[in-house]
>>> print(open('coords_9.txt').read())   # compact mmCIF, C-alpha atoms and all ligand atoms
# COMPACT_ATOMS: atom_id res chain seq x y z
CA MET Q 14 19.40 -24.14 11.19
CA ALA Q 15 16.13 -22.66 12.46
CA SER Q 16 13.12 -24.29 10.77
CA LYS Q 17 11.40 -22.13 8.19
CA ILE Q 18 8.12 -20.64 9.42
CA SER Q 19 5.56 -20.54 6.62
CA LEU Q 20 2.87 -17.87 6.32
CA THR Q 21 0.28 -20.47 7.33
CA ARG Q 22 2.17 -21.44 10.50
CA TYR Q 23 2.73 -17.76 11.37
CA LEU Q 24 -0.98 -16.98 11.05
CA VAL Q 25 -2.01 -20.06 13.08
CA GLU Q 26 0.46 -19.22 15.86
CA GLU Q 27 -0.55 -15.55 15.89
CA GLN Q 28 -4.18 -16.67 16.23
CA ARG Q 29 -3.22 -18.72 19.31
CA VAL Q 30 -1.49 -15.71 20.87
CA ASP Q 31 -4.26 -13.10 20.78
CA GLY Q 32 -7.06 -14.39 18.64
CA SER Q 33 -6.54 -11.51 16.22
CA ILE Q 34 -6.80 -13.78 13.19
CA PRO Q 35 -10.14 -15.63 13.09
CA ALA Q 36 -10.21 -18.62 10.74
CA GLN Q 37 -12.05 -16.75 7.98
CA LEU Q 38 -9.52 -13.89 8.07
CA ARG Q 39 -6.65 -16.39 8.01
CA LEU Q 40 -8.20 -18.04 4.95
CA LEU Q 41 -8.57 -14.63 3.28
CA LEU Q 42 -4.93 -13.72 3.90
CA GLU Q 43 -3.71 -17.06 2.58
CA VAL Q 44 -5.82 -16.66 -0.58
CA VAL Q 45 -4.47 -13.15 -1.13
CA ALA Q 46 -0.92 -14.49 -0.66
CA ARG Q 47 -1.57 -17.23 -3.24
CA SER Q 48 -2.91 -14.56 -5.61
CA CYS Q 49 0.30 -12.58 -5.15
CA LYS Q 50 2.30 -15.70 -6.05
CA SER Q 51 0.33 -15.98 -9.29
CA ILE Q 52 0.79 -12.29 -10.07
CA SER Q 53 4.52 -12.59 -9.32
CA HIS Q 54 4.73 -15.48 -11.77
CA ALA Q 55 3.01 -13.41 -14.50
CA VAL Q 56 5.16 -10.33 -13.79
CA ASN Q 57 8.37 -12.40 -13.87
CA LYS Q 58 7.53 -13.72 -17.35
CA GLY Q 59 7.57 -10.19 -18.78
CA ALA Q 60 7.87 -10.09 -22.55
CA LEU Q 61 8.08 -13.90 -22.66
CA GLY Q 62 4.53 -14.07 -21.36
CA GLY Q 63 3.13 -11.46 -23.72
CA VAL Q 64 1.92 -9.48 -20.69
CA LEU Q 65 3.80 -6.22 -21.24
CA GLY Q 66 2.37 -3.09 -22.81
CA THR Q 67 -1.03 -1.47 -22.54
CA ALA Q 68 -4.52 -2.86 -22.85
CA GLU Q 69 -6.96 -0.91 -25.04
CA SER Q 70 -8.80 0.48 -21.99
CA GLU Q 71 -8.76 3.06 -19.18
CA ASN Q 72 -9.60 2.59 -15.49
CA ILE Q 73 -11.92 4.69 -13.32
CA GLN Q 74 -8.99 7.01 -12.67
CA GLY Q 75 -8.79 7.78 -16.40
CA GLU Q 76 -5.41 6.03 -16.58
CA VAL Q 77 -4.52 3.77 -19.51
CA GLN Q 78 -4.51 0.22 -18.18
CA LYS Q 79 -1.54 -2.07 -18.64
CA LYS Q 80 -2.22 -5.69 -19.58
CA LEU Q 81 -0.77 -6.75 -16.20
CA ASP Q 82 -3.13 -4.35 -14.37
CA ILE Q 83 -6.08 -6.27 -15.77
CA ILE Q 84 -4.47 -9.71 -15.31
CA SER Q 85 -3.62 -8.91 -11.67
CA ASN Q 86 -7.13 -7.64 -10.99
CA GLU Q 87 -8.67 -10.79 -12.48
CA VAL Q 88 -6.34 -13.04 -10.45
CA LEU Q 89 -7.44 -11.39 -7.19
CA ILE Q 90 -11.15 -11.47 -8.09
CA GLU Q 91 -11.17 -15.10 -9.25
CA ALA Q 92 -9.10 -16.36 -6.30
CA ASN Q 93 -11.22 -14.61 -3.65
CA GLU Q 94 -14.81 -14.84 -4.88
CA TRP Q 95 -15.58 -18.52 -4.08
CA GLY Q 96 -14.01 -19.03 -0.64
CA GLY Q 97 -16.92 -17.81 1.52
CA HIS Q 98 -14.78 -15.31 3.45
CA LEU Q 99 -15.77 -12.18 1.51
CA ALA Q 100 -18.95 -10.21 0.88
CA ALA Q 101 -17.46 -7.93 -1.78
CA MET Q 102 -14.27 -6.45 -3.24
CA ALA Q 103 -13.14 -3.04 -4.48
CA SER Q 104 -10.22 -2.29 -6.77
CA GLU Q 105 -8.42 0.68 -8.28
CA GLU Q 106 -9.16 -0.99 -11.63
CA MET Q 107 -12.95 -1.22 -11.17
CA GLU Q 108 -15.43 1.69 -10.95
CA GLY Q 109 -17.90 -0.01 -8.63
CA ILE Q 110 -17.66 -2.70 -5.96
CA TYR Q 111 -17.61 -6.36 -6.97
CA LEU Q 112 -20.28 -8.37 -5.13
CA VAL Q 113 -19.46 -12.03 -4.46
CA PRO Q 114 -21.79 -13.93 -6.83
CA ASN Q 115 -24.84 -15.52 -5.22
CA ARG Q 116 -23.63 -19.00 -6.26
CA TYR Q 117 -20.92 -18.66 -3.63
CA PRO Q 118 -21.31 -18.33 0.18
CA GLN Q 119 -21.13 -14.75 1.47
CA GLY Q 120 -18.49 -13.88 4.05
CA GLU Q 121 -18.04 -11.13 6.63
CA TYR Q 122 -15.02 -9.32 5.14
CA LEU Q 123 -14.48 -6.65 2.50
CA LEU Q 124 -11.26 -6.73 0.45
CA LEU Q 125 -9.84 -3.63 -1.26
CA PHE Q 126 -6.76 -3.59 -3.45
CA ASP Q 127 -4.55 -1.84 -5.92
CA PRO Q 128 -3.77 -4.99 -7.91
CA LEU Q 129 -0.60 -3.65 -9.47
CA ASP Q 130 0.81 -0.43 -8.07
CA GLY Q 131 3.50 1.33 -10.06
CA SER Q 132 2.29 0.17 -13.47
CA SER Q 133 4.40 2.77 -15.29
CA ASN Q 134 7.41 0.70 -14.17
CA ILE Q 135 6.19 -2.64 -15.59
CA ASP Q 136 7.68 -2.30 -19.08
CA VAL Q 137 11.05 -1.10 -17.77
CA ASN Q 138 11.57 -3.96 -15.28
CA VAL Q 139 11.40 -1.83 -12.14
CA SER Q 140 9.80 -3.26 -8.96
CA ILE Q 141 5.99 -3.01 -8.68
CA GLY Q 142 3.50 -4.55 -6.29
CA THR Q 143 0.04 -5.34 -4.96
CA ILE Q 144 -1.46 -3.38 -2.04
CA PHE Q 145 -4.45 -4.71 -0.07
CA SER Q 146 -6.70 -3.70 2.81
CA VAL Q 147 -9.31 -5.73 4.74
CA LEU Q 148 -12.39 -4.32 6.48
CA LYS Q 149 -15.26 -6.03 8.32
CA LYS Q 150 -18.62 -5.79 6.60
CA PRO Q 151 -21.03 -3.80 8.78
CA GLU Q 152 -23.91 -5.82 10.28
CA GLY Q 153 -27.02 -6.09 8.16
CA ALA Q 154 -28.26 -7.77 5.03
CA GLY Q 155 -26.51 -7.22 1.73
CA VAL Q 156 -23.51 -5.04 0.97
CA SER Q 157 -23.13 -1.70 -0.77
CA GLU Q 158 -20.37 0.75 -1.63
CA GLN Q 159 -21.33 2.67 1.52
CA ASP Q 160 -20.16 -0.32 3.61
CA PHE Q 161 -16.62 0.20 2.28
CA LEU Q 162 -16.48 3.84 3.40
CA GLN Q 163 -14.81 3.19 6.75
CA ALA Q 164 -11.83 5.10 8.21
CA GLY Q 165 -8.45 3.38 7.94
CA CYS Q 166 -8.40 2.78 11.72
CA LYS Q 167 -11.15 0.18 11.11
CA GLN Q 168 -8.91 -2.09 9.02
CA VAL Q 169 -8.50 -5.65 10.35
CA ALA Q 170 -5.58 -6.53 8.05
CA ALA Q 171 -3.37 -4.69 5.55
CA GLY Q 172 -0.36 -5.53 3.46
CA TYR Q 173 1.47 -5.47 0.19
CA CYS Q 174 3.56 -7.73 -2.02
CA VAL Q 175 6.59 -6.34 -3.86
CA TYR Q 176 7.53 -8.03 -7.14
CA GLY Q 177 11.23 -7.21 -7.26
CA PRO Q 178 14.52 -9.10 -6.98
CA GLN Q 179 12.63 -11.02 -4.32
CA THR Q 180 8.88 -11.42 -4.04
CA THR Q 181 8.15 -10.09 -0.55
CA LEU Q 182 4.85 -10.08 1.31
CA VAL Q 183 4.52 -7.59 4.21
CA LEU Q 184 1.53 -7.89 6.50
CA THR Q 185 -0.10 -6.54 9.67
CA VAL Q 186 -3.20 -7.62 11.58
CA GLY Q 187 -2.59 -5.06 14.31
CA SER Q 188 0.22 -6.69 16.30
CA GLY Q 189 3.28 -5.44 14.43
CA VAL Q 190 4.56 -5.93 10.90
CA ALA Q 191 5.92 -9.20 9.51
CA MET Q 192 7.77 -9.82 6.26
CA PHE Q 193 7.65 -13.05 4.23
CA THR Q 194 9.88 -13.92 1.26
CA LEU Q 195 8.66 -16.23 -1.50
CA ASP Q 196 10.65 -19.47 -1.52
CA ARG Q 197 10.24 -20.38 -5.18
CA GLU Q 198 11.60 -23.91 -4.64
CA GLN Q 199 8.90 -24.65 -2.04
CA GLY Q 200 6.35 -22.32 -3.64
CA SER Q 201 5.52 -20.79 -0.23
CA PHE Q 202 6.05 -17.53 1.64
CA VAL Q 203 8.56 -17.93 4.48
CA LEU Q 204 8.84 -15.60 7.49
CA THR Q 205 12.04 -13.55 7.06
CA GLN Q 206 11.46 -10.66 9.49
CA GLU Q 207 9.11 -10.01 12.42
CA LYS Q 208 8.32 -6.76 14.24
CA MET Q 209 9.70 -4.50 11.49
CA ARG Q 210 10.60 -1.05 12.90
CA ILE Q 211 11.04 2.32 11.17
CA PRO Q 212 13.80 4.50 12.76
CA GLU Q 213 12.29 7.74 14.12
CA ASP Q 214 14.91 9.82 12.26
CA THR Q 215 16.23 9.58 8.73
CA LYS Q 216 18.47 11.17 6.12
CA GLU Q 217 16.47 9.96 3.12
CA PHE Q 218 13.40 11.50 1.50
CA ALA Q 219 11.21 10.26 -1.35
CA ILE Q 220 9.27 12.78 -3.44
CA ASN Q 221 8.88 13.51 -7.17
CA MET Q 222 11.14 16.58 -7.38
CA SER Q 223 9.86 17.48 -10.88
CA ASN Q 224 6.70 18.80 -9.18
CA MET Q 225 8.63 21.28 -6.98
CA ARG Q 226 7.25 24.44 -8.66
CA HIS Q 227 3.70 23.20 -7.94
CA TRP Q 228 4.13 22.44 -4.23
CA ASP Q 229 2.58 24.33 -1.33
CA ALA Q 230 4.97 26.50 0.74
CA PRO Q 231 5.38 24.09 3.73
CA VAL Q 232 6.50 21.26 1.41
CA LYS Q 233 8.94 23.60 -0.38
CA ARG Q 234 10.30 24.70 3.02
CA TYR Q 235 10.82 21.13 4.22
CA ILE Q 236 12.55 19.89 1.04
CA ASP Q 237 14.62 23.09 0.73
CA GLU Q 238 15.92 22.61 4.28
CA CYS Q 239 16.84 19.00 3.44
CA LEU Q 240 18.67 20.16 0.29
CA GLN Q 241 20.71 22.71 2.28
CA GLY Q 242 22.37 19.75 3.99
CA LYS Q 243 24.69 19.97 6.97
CA ASP Q 244 25.31 23.71 6.48
CA GLY Q 245 21.57 24.38 6.63
CA PRO Q 246 18.99 24.34 9.45
CA ARG Q 247 18.86 20.51 9.53
CA GLY Q 248 22.60 20.21 10.20
CA LYS Q 249 22.89 17.02 8.14
CA ASP Q 250 23.03 15.94 4.50
CA PHE Q 251 20.03 14.12 3.00
CA ASN Q 252 19.74 11.55 0.20
CA MET Q 253 16.80 11.24 -2.20
CA ARG Q 254 15.08 8.17 -3.65
CA TRP Q 255 11.99 8.09 -5.93
CA ILE Q 256 11.05 4.77 -7.54
CA ALA Q 257 7.55 5.87 -8.63
CA SER Q 258 6.10 2.68 -7.15
CA MET Q 259 4.63 3.60 -3.79
CA VAL Q 260 4.80 -0.05 -2.72
CA THR Q 261 8.57 -0.16 -3.33
CA ASP Q 262 9.31 3.24 -1.77
CA VAL Q 263 7.30 2.24 1.31
CA HIS Q 264 9.09 -1.13 1.50
CA ARG Q 265 12.43 0.69 1.57
CA ILE Q 266 11.15 2.93 4.37
CA LEU Q 267 9.89 -0.05 6.39
CA THR Q 268 13.28 -1.69 5.86
CA ARG Q 269 15.66 1.22 6.62
CA GLY Q 270 13.62 4.35 7.40
CA GLY Q 271 12.89 7.49 5.36
CA ILE Q 272 10.01 9.81 4.53
CA PHE Q 273 7.67 9.41 1.53
CA MET Q 274 5.63 12.34 0.29
CA TYR Q 275 3.02 12.75 -2.43
CA PRO Q 276 1.48 16.06 -1.32
CA TRP Q 277 -1.26 18.19 -2.83
CA ASP Q 278 0.04 20.43 -5.60
CA LYS Q 279 -1.25 23.16 -7.88
CA ARG Q 280 -1.44 20.99 -11.03
CA GLU Q 281 -4.93 19.73 -10.14
CA PRO Q 282 -5.90 21.95 -7.20
CA GLU Q 283 -9.36 20.40 -6.88
CA LYS Q 284 -7.77 17.04 -5.99
CA PRO Q 285 -6.36 16.62 -2.44
CA GLY Q 286 -3.52 14.51 -3.88
CA LYS Q 287 -2.69 11.79 -6.42
CA LEU Q 288 -2.78 8.67 -4.26
CA ARG Q 289 -6.00 6.85 -3.31
CA LEU Q 290 -7.12 6.74 0.28
CA MET Q 291 -8.90 3.40 0.54
CA TYR Q 292 -6.47 0.99 -1.11
CA GLU Q 293 -3.11 2.81 -1.14
CA ALA Q 294 -2.83 5.35 1.70
CA ASN Q 295 -4.86 3.50 4.37
CA PRO Q 296 -3.09 0.12 4.20
CA MET Q 297 0.34 1.76 3.95
CA ALA Q 298 -0.48 4.15 6.82
CA TRP Q 299 -1.45 1.27 9.12
CA LEU Q 300 1.67 -0.72 8.24
CA VAL Q 301 3.86 2.34 8.87
CA GLU Q 302 2.21 3.11 12.22
CA GLN Q 303 2.44 -0.55 13.26
CA ALA Q 304 6.20 -0.29 12.58
CA GLY Q 305 6.56 2.82 14.79
CA GLY Q 306 6.30 5.42 12.02
CA ALA Q 307 3.68 8.10 11.29
CA ALA Q 308 1.33 8.80 8.39
CA THR Q 309 -0.61 12.03 7.76
CA ASN Q 310 -2.17 13.92 4.87
CA CYS Q 311 0.29 16.68 5.90
CA ARG Q 312 -2.21 17.89 8.50
CA GLU Q 313 -4.10 14.99 10.13
CA ARG Q 314 -3.60 11.27 10.72
CA ILE Q 315 -4.53 9.38 7.57
CA LEU Q 316 -6.17 6.54 9.53
CA ASP Q 317 -8.66 9.03 11.05
CA ILE Q 318 -9.92 10.36 7.71
CA ALA Q 319 -13.61 9.58 7.11
CA PRO Q 320 -13.86 8.57 3.43
CA GLY Q 321 -16.59 10.14 1.28
CA LYS Q 322 -15.98 8.21 -1.95
CA LEU Q 323 -14.52 4.81 -2.82
CA HIS Q 324 -11.81 6.19 -5.10
CA GLU Q 325 -11.10 9.42 -3.30
CA ARG Q 326 -7.56 10.71 -3.33
CA VAL Q 327 -5.45 12.03 -0.47
CA SER Q 328 -2.20 13.86 0.16
CA VAL Q 329 0.35 11.48 1.73
CA CYS Q 330 3.30 12.03 4.07
CA LEU Q 331 4.53 8.88 5.85
CA GLY Q 332 7.60 7.22 7.34
CA SER Q 333 10.10 8.14 10.06
CA LYS Q 334 8.05 9.67 12.87
CA ASN Q 335 10.13 12.76 13.61
CA GLU Q 336 10.28 13.79 9.94
CA VAL Q 337 6.54 13.31 9.35
CA GLU Q 338 5.82 15.34 12.48
CA ARG Q 339 8.09 18.14 11.19
CA VAL Q 340 6.30 18.29 7.81
CA THR Q 341 2.90 18.22 9.53
CA ARG Q 342 4.02 20.99 11.91
CA TYR Q 343 5.10 23.17 8.99
CA HIS Q 344 1.63 22.78 7.45
CA VAL Q 345 -0.23 23.47 10.70
CA GLU Q 346 1.99 26.50 11.47
CA GLY Q 347 1.38 27.76 7.91
P1 LIG Q 401 4.54 10.05 -10.38
C1 LIG Q 401 2.11 4.80 -9.32
O1 LIG Q 401 1.44 5.22 -10.49
C2 LIG Q 401 1.67 5.71 -8.19
O2 LIG Q 401 0.30 5.60 -7.99
C3 LIG Q 401 2.45 5.38 -6.93
O3 LIG Q 401 2.75 4.03 -6.83
C4 LIG Q 401 3.70 6.24 -7.05
O4 LIG Q 401 4.25 6.59 -5.80
C5 LIG Q 401 3.18 7.47 -7.79
O5 LIG Q 401 2.00 7.07 -8.51
C6 LIG Q 401 4.20 7.99 -8.78
O6 LIG Q 401 3.65 9.19 -9.34
O7 LIG Q 401 3.73 11.32 -10.53
O8 LIG Q 401 5.89 10.29 -9.74
O9 LIG Q 401 4.64 9.21 -11.63
>>> encode(input="coords_9.txt", output="structure tokens", more="lines below")
Ligand code: P6P
Amino acid sequence: MASKISLTRYLVEEQRVDGSIPAQLRLLLEVVARSCKSISHAVNKGALGGVLGTAESENIQGEVQKKLDIISNEVLIEANEWGGHLAAMASEEMEGIYLVPNRYPQGEYLLLFDPLDGSSNIDVNVSIGTIFSVLKKPEGAGVSEQDFLQAGCKQVAAGYCVYGPQTTLVLTVGSGVAMFTLDREQGSFVLTQEKMRIPEDTKEFAINMSNMRHWDAPVKRYIDECLQGKDGPRGKDFNMRWIASMVTDVHRILTRGGIFMYPWDKREPEKPGKLRLMYEANPMAWLVEQAGGAATNCRERILDIAPGKLHERVSVCLGSKNEVERVTRYHVEG
């Protein structure tokens, strides 16, 4: 039986291949992975751990926070602040950036995360997850929110961890996408798939259909054509999935293909979309592109978008390349 390759061994061997994982970045990724193990443990306890339900607070997004949102955020902050690999962190759950306290050494990386994506699914035992993105801190003394405002193509690492039937960590440092499954007996993440690939075509779309009446015309056209099935212009039947946890919908797409869409709609026309650019769309877009897929805001490549604000939102269309290109074409054609 082939020996199990741990996350640590994978990162060390990748570093030997192309030097894409300097020691400090490897340390950061291993600390994030350990944090995900802790969050998985808390999530798996559920009602037995007294961690379900809402906290008496809202986040910067104006969303009621779940107890596990706050617990997950604290786990990531506490695990990463002392190691000397980070200068600061940013989270969906915090309004401003979190500077590494002066009592700890300052590092050269910036870590951004959605500590627990899909929180509305926590209390009903549906898969949720952590999404993270790593940037290099620009040269110069100190660190500010401005230093975080880098396009997604500047990421040096990105990944997520799904807390589902298995706890699965998916990661890229720019040389493909690798998947690790938590071996609870050993307490370590074990490599279970390398070079994940998204098929260029698909018969499966993921979108919240209840918003149909609010969509822009190109989105309505694309979904309507899918719904017409093999007798329609697409000449094939489509299936639909919507888990309402981006991390889980994206994991399905990385595993078997598909297209995920959360487009702009008329409900809040001043917002470009619901999902956040810096710590949801950017990491997922890089993972998808590294697996041979595509990711746009329905018009332009997500990874090219120059961010203006830390918590800015974006319209998202990602997954199987040929489907994303069709949706983007419909928007550009008008
Ligand atoms: P809706 C979860 O709250 C999230 O940010 C994503 O993980 C998910 O794809 C989306 O929102 C679900 O939104 O409007 O369908 O509940």
>>> closest_atom_pairs(input="coords_9.txt", of="chain Q", to="ligand LIG 401 (chain Q)", cutoff="6 Å", atoms="all atoms listed in the file", output="CSV")
residue,atom,partner,partner_atom,distance
Q:Asp130,CA,Q:LIG401,O3,5.0
Q:Gly131,CA,Q:LIG401,C1,3.8
Q:Ser132,CA,Q:LIG401,O1,5.9
Q:Asn221,CA,Q:LIG401,O8,5.1
Q:Ala257,CA,Q:LIG401,C6,4.0
Q:Ser258,CA,Q:LIG401,O3,3.6
Q:Met259,CA,Q:LIG401,O3,3.6
Q:Leu288,CA,Q:LIG401,O2,5.7
>>> atom_distance(input="coords_9.txt", atom1="CA of Leu24 (chain Q)", atom2="CA of Val175 (chain Q)")
19.8 Å
>>> atom_distance(input="coords_9.txt", atom1="CA of Ala164 (chain Q)", atom2="CA of Gly187 (chain Q)")
15.0 Å
>>> closest_residue(input="coords_9.txt", among="Q:Leu240, Q:Gly245, Q:Lys216, Q:Pro35", to="Lys149 (chain Q)", atoms="all atoms listed in the file")
Q:Pro35
>>> residues_around(input="coords_9.txt", residues="Phe273 (chain Q)", least_positions_apart="3", cutoff="7 Å", atoms="all atoms listed in the file", output="JSON, numbers by chain")
{"Q": [218, 219, 220, 330, 331, 332]}
>>> residues_around(input="coords_9.txt", residues="Glu238 (chain Q)", least_positions_apart="2", cutoff="12 Å", atoms="all atoms listed in the file", output="PyMOL selection string")
chain Q and resi 216+218+231-236+240-251+336+339-340+343
>>> residues_near_point(input="coords_9.txt", point="(15.4, -3.8, -14.4)", cutoff="12 Å", atoms="only C-alpha atoms", output="number ranges by chain")
Q: 57, 59, 134-141, 176-178, 256
>>> atom_distance(input="coords_9.txt", atom1="CA of Ile211 (chain Q)", atom2="CA of Val30 (chain Q)")
24.0 Å
>>> closest_atom_pairs(input="coords_9.txt", of="region 227-278 of chain Q", to="region 293-298 of chain Q", cutoff="10 Å", atoms="all atoms listed in the file", output="Markdown table")
| residue | atom | partner | partner_atom | distance |
| --- | --- | --- | --- | --- |
| Q:Met259 | CA | Q:Glu293 | CA | 8.2 |
| Q:Val260 | CA | Q:Met297 | CA | 8.2 |
| Q:Val263 | CA | Q:Met297 | CA | 7.5 |
| Q:His264 | CA | Q:Met297 | CA | 9.5 |
>>> closest_residue(input="coords_9.txt", among="Q:Arg314, Q:Arg197, Q:Lys167, Q:Lys334", to="Pro212 (chain Q)", atoms="all atoms listed in the file")
Q:Lys334
>>> residues_near_point(input="coords_9.txt", point="(-14.5, 6.8, -3.7)", cutoff="9 Å", atoms="only C-alpha atoms", output="PyMOL selection string")
chain Q and resi 108+158+162+289-291+320-326
>>> residues_around(input="coords_9.txt", residues="Glu94 (chain Q)", least_positions_apart="6", cutoff="10 Å", atoms="all atoms listed in the file", output="list in words")
Ala100, Ala101, Met102, Tyr111, Leu112, Val113, Pro114, Arg116, Tyr117, Pro118, Gln119 and Gly120 of chain Q
>>> closest_residue(input="coords_9.txt", among="Q:Leu129, Q:Leu148, Q:Leu61, Q:Met222", to="Trp255 (chain Q)", atoms="all atoms listed in the file")
Q:Met222
>>> closest_residue(input="coords_9.txt", among="Q:Val156, Q:Ala319, Q:Leu300, Q:Val88", to="Thr185 (chain Q)", atoms="all atoms listed in the file")
Q:Leu300
>>> axis_aligned_box(input="coords_9.txt", around="region 176-192 of chain Q", padding_each_side="6 Å", output="JSON")
{"center_x": 5.7, "center_y": -8.2, "center_z": 4.5, "size_x": 29.7, "size_y": 18.4, "size_z": 35.6}
>>> closest_residue(input="coords_9.txt", among="Q:Gly153, Q:Gly189, Q:Gly200, Q:Pro128", to="Glu302 (chain Q)", atoms="all atoms listed in the file")
Q:Gly189
